Amino acid sequence: MTPAQLTAAPSRPDATEGDRALAAYPRSWPIVAAAGTTVFLWASAFVGIRFAGHDYSPGAMALGRMAAASIALSAFVAFTAGLRRRSARPQHAVPDGAAPRRAALPRGGTLGLIALWGVAWFGGYNVALNAAERLVDAGTAALLVAIAPILVAVAAVLVLGERLTGRLGVGVAIAFAGVALIAAGGFTGHADKVGVVLAVLSAVLYAFGVLLQKRLLARVDAVTMTWLGALAGTAALLPFAPTLLGELATAPPSATLGMLYLGLFPTAIGFLTWGYVLSRWTAGRTSAATYLAPPVTVLLSWTLLGEVPAPLALLGGALCLTGVVLATRR
């Protein structure tokens, strides 16, 4: 990906306030690197879920993943808060006996929406996807979830006031054709209907999460939102705690390590880098870039799990990749 693929649309007379703010960010390699990190980690998550899903049920795996992510994010937030306090101390002396000022956390309706976002994405999305990957292979799941950017791109026009350009529209259509080709027969030659429905449900929750997050990033920073959302998602998954404890006692160490990987890397790190990019780029184009995740998932699944793709599935993957290039090219 080039820097041009990950920059905001230029300012225009009919641009929304959010578009103009995004246009203020220069083309930057850190944004490219953050987007690439997100794509790779999220692609690897499909393989990790498929691997650990043999020993962990959908709800238990989601809880274990989110517990690990919440601990990692809490440690990161505490560490960065400490750094800010130390760096600010010489410039802003604190009177004797006075407590240092802390960054205010979101409250009221904003906090409630962050909790809703966390429950929908970190809770509902994870459980639905975990259940889907018990019935379909990692490549099929990844390519079905890839319809989420289509939903985001359309909804961003209707809800966020973003402009759906002709290039973006054509790219989305081509990528959707690739996804439809995959869904028709499954990536390895067959597709369980229930698994397909669960994967599509994951895509709907994904799209809802992106749109809500895009709105909320105007009020709260990406790190704080990711942290609080992860805590909310973990709390919503607590009813699965007894099941998780029972499965922890019988699962092999490799499956447990896979579950912890899902929490620390695709969730904690992947969502931090995702929030960083989304706060600096339009929702439609950022989500369109995630079409790169399915081809990466296919390669990882083929290499690590031995899930060999069918010829038509490879054609569908090629269409997805072509669509994302068209949708994100400027």
# chains A, B, ... in the order shown; residues from 1 in each chain; ligands from 1
>>> residues_around(residues="Leu143 in chain A", least_positions_apart="3", cutoff="10 Å", atoms="only C-alpha atoms", output="PyMOL selection string")
chain A and resi 138-140+146-148+175-176+178-183+186-187+199-200+203+291+293-295+297-298+313+316-317+320
>>> residues_around(residues="Ala52 in chain A", least_positions_apart="5", cutoff="10 Å", atoms="only C-alpha atoms", output="PDB file with C-alpha atoms, in the first residue's frame")
ATOM      1  CA  VAL A  47      -6.592 -18.542  11.675  1.00  0.00           C
ATOM      2  CA  SER A  57     -16.345 -23.008  22.751  1.00  0.00           C
ATOM      3  CA  PRO A  58     -17.339 -19.679  21.130  1.00  0.00           C
ATOM      4  CA  MET A  61     -12.890 -18.277  23.781  1.00  0.00           C
ATOM      5  CA  ASN A 130     -16.098 -17.954  16.850  1.00  0.00           C
ATOM      6  CA  ALA A 251      -7.479 -27.611  26.687  1.00  0.00           C
ATOM      7  CA  PRO A 252      -3.916 -28.208  25.466  1.00  0.00           C
ATOM      8  CA  SER A 254      -1.171 -24.655  22.377  1.00  0.00           C
ATOM      9  CA  ALA A 255      -4.891 -23.803  22.212  1.00  0.00           C
ATOM     10  CA  THR A 256      -4.636 -21.620  25.315  1.00  0.00           C
ATOM     11  CA  LEU A 257      -1.654 -19.793  23.833  1.00  0.00           C
ATOM     12  CA  GLY A 258      -3.676 -19.290  20.659  1.00  0.00           C
ATOM     13  CA  MET A 259      -6.500 -17.732  22.670  1.00  0.00           C
ATOM     14  CA  LEU A 260      -4.064 -15.448  24.490  1.00  0.00           C
ATOM     15  CA  LEU A 262      -5.996 -13.402  19.958  1.00  0.00           C
TER      16      LEU A 262
END
>>> closest_residue(among="A:Ala155, A:Leu135, A:Ala230, A:Leu168", to="Leu198 in chain A", atoms="only C-alpha atoms")
A:Leu135
>>> closest_atom_pairs(of="range 246-310 of chain A", to="range 111-129 of chain A", cutoff="12 Å", atoms="only C-alpha atoms", output="JSON lines")
{"residue": "A:Met259", "atom": "CA", "partner": "A:Asn126", "partner_atom": "CA", "distance": 12.0}
{"residue": "A:Leu262", "atom": "CA", "partner": "A:Asn126", "partner_atom": "CA", "distance": 10.5}
{"residue": "A:Gly263", "atom": "CA", "partner": "A:Phe122", "partner_atom": "CA", "distance": 10.4}
{"residue": "A:Pro266", "atom": "CA", "partner": "A:Phe122", "partner_atom": "CA", "distance": 11.5}
{"residue": "A:Thr267", "atom": "CA", "partner": "A:Phe122", "partner_atom": "CA", "distance": 8.6}
{"residue": "A:Ala268", "atom": "CA", "partner": "A:Phe122", "partner_atom": "CA", "distance": 10.8}
{"residue": "A:Phe271", "atom": "CA", "partner": "A:Phe122", "partner_atom": "CA", "distance": 10.2}
>>> write_last_selection(atoms="C-alpha atoms", output="PDB file, in the first residue's frame")
ATOM      1  CA  MET A 259      -6.500 -17.732  22.670  1.00  0.00           C
ATOM      2  CA  LEU A 262      -5.996 -13.402  19.958  1.00  0.00           C
ATOM      3  CA  GLY A 263      -6.372 -11.141  22.974  1.00  0.00           C
ATOM      4  CA  PRO A 266      -5.365  -8.904  17.003  1.00  0.00           C
ATOM      5  CA  THR A 267      -7.421  -7.300  19.812  1.00  0.00           C
ATOM      6  CA  ALA A 268      -5.202  -5.119  22.028  1.00  0.00           C
ATOM      7  CA  PHE A 271      -7.641  -2.243  17.730  1.00  0.00           C
TER       8      PHE A 271
END
>>> select_by_dssp(residues="range 31-197 of chain A", states="helix (DSSP H, G or I)", output="PyMOL selection string")
chain A and resi 31-52+58-88+108-132+138-145+148-160+166-185+193-197
>>> closest_residue(among="A:Thr273, A:Thr38, A:Ser28, A:Ser44", to="Tyr261 in chain A", atoms="only C-alpha atoms")
A:Ser44
>>> closest_residue(among="A:Leu212, A:Leu151, A:Ala78, A:Ile71", to="Leu231 in chain A", atoms="only C-alpha atoms")
A:Ile71
>>> atom_distance(atom1="CA of Gly233 in chain A", atom2="CA of Gly59 in chain A")
11.7 Å
>>> atom_distance(atom1="CA of Leu144 in chain A", atom2="CA of Leu41 in chain A")
17.4 Å
>>> closest_residue(among="A:Leu201, A:Ala153, A:Tyr276, A:Ala34", to="Val170 in chain A", atoms="only C-alpha atoms")
A:Ala153
>>> atom_distance(atom1="CA of Ala68 in chain A", atom2="CA of Phe46 in chain A")
17.4 Å
>>> residues_around(residues="Leu305 in chain A", least_positions_apart="3", cutoff="8 Å", atoms="only C-alpha atoms", output="ChimeraX atom specification")
/A:47,51,300-302
>>> decode(residues="range 214-237 of chain A", atoms="N, CA and C atoms", output="PDB file, in the first residue's frame")
ATOM      1  N   LYS A 214     -16.484   5.580  14.654  1.00  0.00           N
ATOM      2  CA  LYS A 214     -16.135   6.784  13.900  1.00  0.00           C
ATOM      3  C   LYS A 214     -16.790   8.015  14.521  1.00  0.00           C
ATOM      4  N   ARG A 215     -18.041   7.887  14.936  1.00  0.00           N
ATOM      5  CA  ARG A 215     -18.731   8.990  15.595  1.00  0.00           C
ATOM      6  C   ARG A 215     -18.069   9.348  16.920  1.00  0.00           C
ATOM      7  N   LEU A 216     -17.735   8.330  17.700  1.00  0.00           N
ATOM      8  CA  LEU A 216     -17.248   8.562  19.054  1.00  0.00           C
ATOM      9  C   LEU A 216     -15.809   9.069  19.086  1.00  0.00           C
ATOM     10  N   LEU A 217     -15.020   8.780  18.054  1.00  0.00           N
ATOM     11  CA  LEU A 217     -13.635   9.240  18.046  1.00  0.00           C
ATOM     12  C   LEU A 217     -13.526  10.756  17.965  1.00  0.00           C
ATOM     13  N   ALA A 218     -14.621  11.432  17.646  1.00  0.00           N
ATOM     14  CA  ALA A 218     -14.621  12.892  17.681  1.00  0.00           C
ATOM     15  C   ALA A 218     -14.716  13.404  19.124  1.00  0.00           C
ATOM     16  N   ARG A 219     -15.119  12.543  20.053  1.00  0.00           N
ATOM     17  CA  ARG A 219     -15.296  12.955  21.451  1.00  0.00           C
ATOM     18  C   ARG A 219     -14.256  12.360  22.399  1.00  0.00           C
ATOM     19  N   VAL A 220     -13.658  11.247  22.023  1.00  0.00           N
ATOM     20  CA  VAL A 220     -12.731  10.560  22.921  1.00  0.00           C
ATOM     21  C   VAL A 220     -11.591   9.983  22.098  1.00  0.00           C
ATOM     22  N   ASP A 221     -10.397   9.911  22.677  1.00  0.00           N
ATOM     23  CA  ASP A 221      -9.247   9.413  21.936  1.00  0.00           C
ATOM     24  C   ASP A 221      -9.343   7.901  21.736  1.00  0.00           C
ATOM     25  N   ALA A 222      -8.618   7.401  20.734  1.00  0.00           N
ATOM     26  CA  ALA A 222      -8.728   6.001  20.330  1.00  0.00           C
ATOM     27  C   ALA A 222      -8.303   5.041  21.433  1.00  0.00           C
ATOM     28  N   VAL A 223      -7.253   5.385  22.177  1.00  0.00           N
ATOM     29  CA  VAL A 223      -6.767   4.482  23.226  1.00  0.00           C
ATOM     30  C   VAL A 223      -7.808   4.330  24.326  1.00  0.00           C
ATOM     31  N   THR A 224      -8.349   5.464  24.798  1.00  0.00           N
ATOM     32  CA  THR A 224      -9.351   5.409  25.859  1.00  0.00           C
ATOM     33  C   THR A 224     -10.588   4.646  25.408  1.00  0.00           C
ATOM     34  N   MET A 225     -11.021   4.886  24.193  1.00  0.00           N
ATOM     35  CA  MET A 225     -12.213   4.203  23.696  1.00  0.00           C
ATOM     36  C   MET A 225     -11.980   2.701  23.578  1.00  0.00           C
ATOM     37  N   THR A 226     -10.833   2.311  23.047  1.00  0.00           N
ATOM     38  CA  THR A 226     -10.537   0.888  22.914  1.00  0.00           C
ATOM     39  C   THR A 226     -10.479   0.210  24.274  1.00  0.00           C
ATOM     40  N   TRP A 227      -9.842   0.870  25.217  1.00  0.00           N
ATOM     41  CA  TRP A 227      -9.718   0.320  26.574  1.00  0.00           C
ATOM     42  C   TRP A 227     -11.083   0.147  27.229  1.00  0.00           C
ATOM     43  N   LEU A 228     -11.888   1.207  27.235  1.00  0.00           N
ATOM     44  CA  LEU A 228     -13.206   1.125  27.871  1.00  0.00           C
ATOM     45  C   LEU A 228     -14.122   0.144  27.137  1.00  0.00           C
ATOM     46  N   GLY A 229     -14.044   0.121  25.809  1.00  0.00           N
ATOM     47  CA  GLY A 229     -14.853  -0.826  25.049  1.00  0.00           C
ATOM     48  C   GLY A 229     -14.478  -2.263  25.357  1.00  0.00           C
ATOM     49  N   ALA A 230     -13.181  -2.515  25.513  1.00  0.00           N
ATOM     50  CA  ALA A 230     -12.733  -3.867  25.854  1.00  0.00           C
ATOM     51  C   ALA A 230     -13.244  -4.277  27.229  1.00  0.00           C
ATOM     52  N   LEU A 231     -13.221  -3.353  28.180  1.00  0.00           N
ATOM     53  CA  LEU A 231     -13.746  -3.665  29.511  1.00  0.00           C
ATOM     54  C   LEU A 231     -15.240  -3.975  29.448  1.00  0.00           C
ATOM     55  N   ALA A 232     -15.979  -3.198  28.650  1.00  0.00           N
ATOM     56  CA  ALA A 232     -17.417  -3.433  28.513  1.00  0.00           C
ATOM     57  C   ALA A 232     -17.685  -4.782  27.853  1.00  0.00           C
ATOM     58  N   GLY A 233     -16.924  -5.094  26.806  1.00  0.00           N
ATOM     59  CA  GLY A 233     -17.094  -6.371  26.136  1.00  0.00           C
ATOM     60  C   GLY A 233     -16.773  -7.539  27.050  1.00  0.00           C
ATOM     61  N   THR A 234     -15.718  -7.388  27.855  1.00  0.00           N
ATOM     62  CA  THR A 234     -15.355  -8.446  28.806  1.00  0.00           C
ATOM     63  C   THR A 234     -16.455  -8.650  29.829  1.00  0.00           C
ATOM     64  N   ALA A 235     -17.001  -7.553  30.345  1.00  0.00           N
ATOM     65  CA  ALA A 235     -18.078  -7.659  31.334  1.00  0.00           C
ATOM     66  C   ALA A 235     -19.295  -8.366  30.750  1.00  0.00           C
ATOM     67  N   ALA A 236     -19.613  -8.070  29.483  1.00  0.00           N
ATOM     68  CA  ALA A 236     -20.771  -8.706  28.849  1.00  0.00           C
ATOM     69  C   ALA A 236     -20.567 -10.201  28.650  1.00  0.00           C
ATOM     70  N   LEU A 237     -19.310 -10.630  28.566  1.00  0.00           N
ATOM     71  CA  LEU A 237     -19.001 -12.044  28.333  1.00  0.00           C
ATOM     72  C   LEU A 237     -18.823 -12.843  29.618  1.00  0.00           C
TER      73      LEU A 237
END
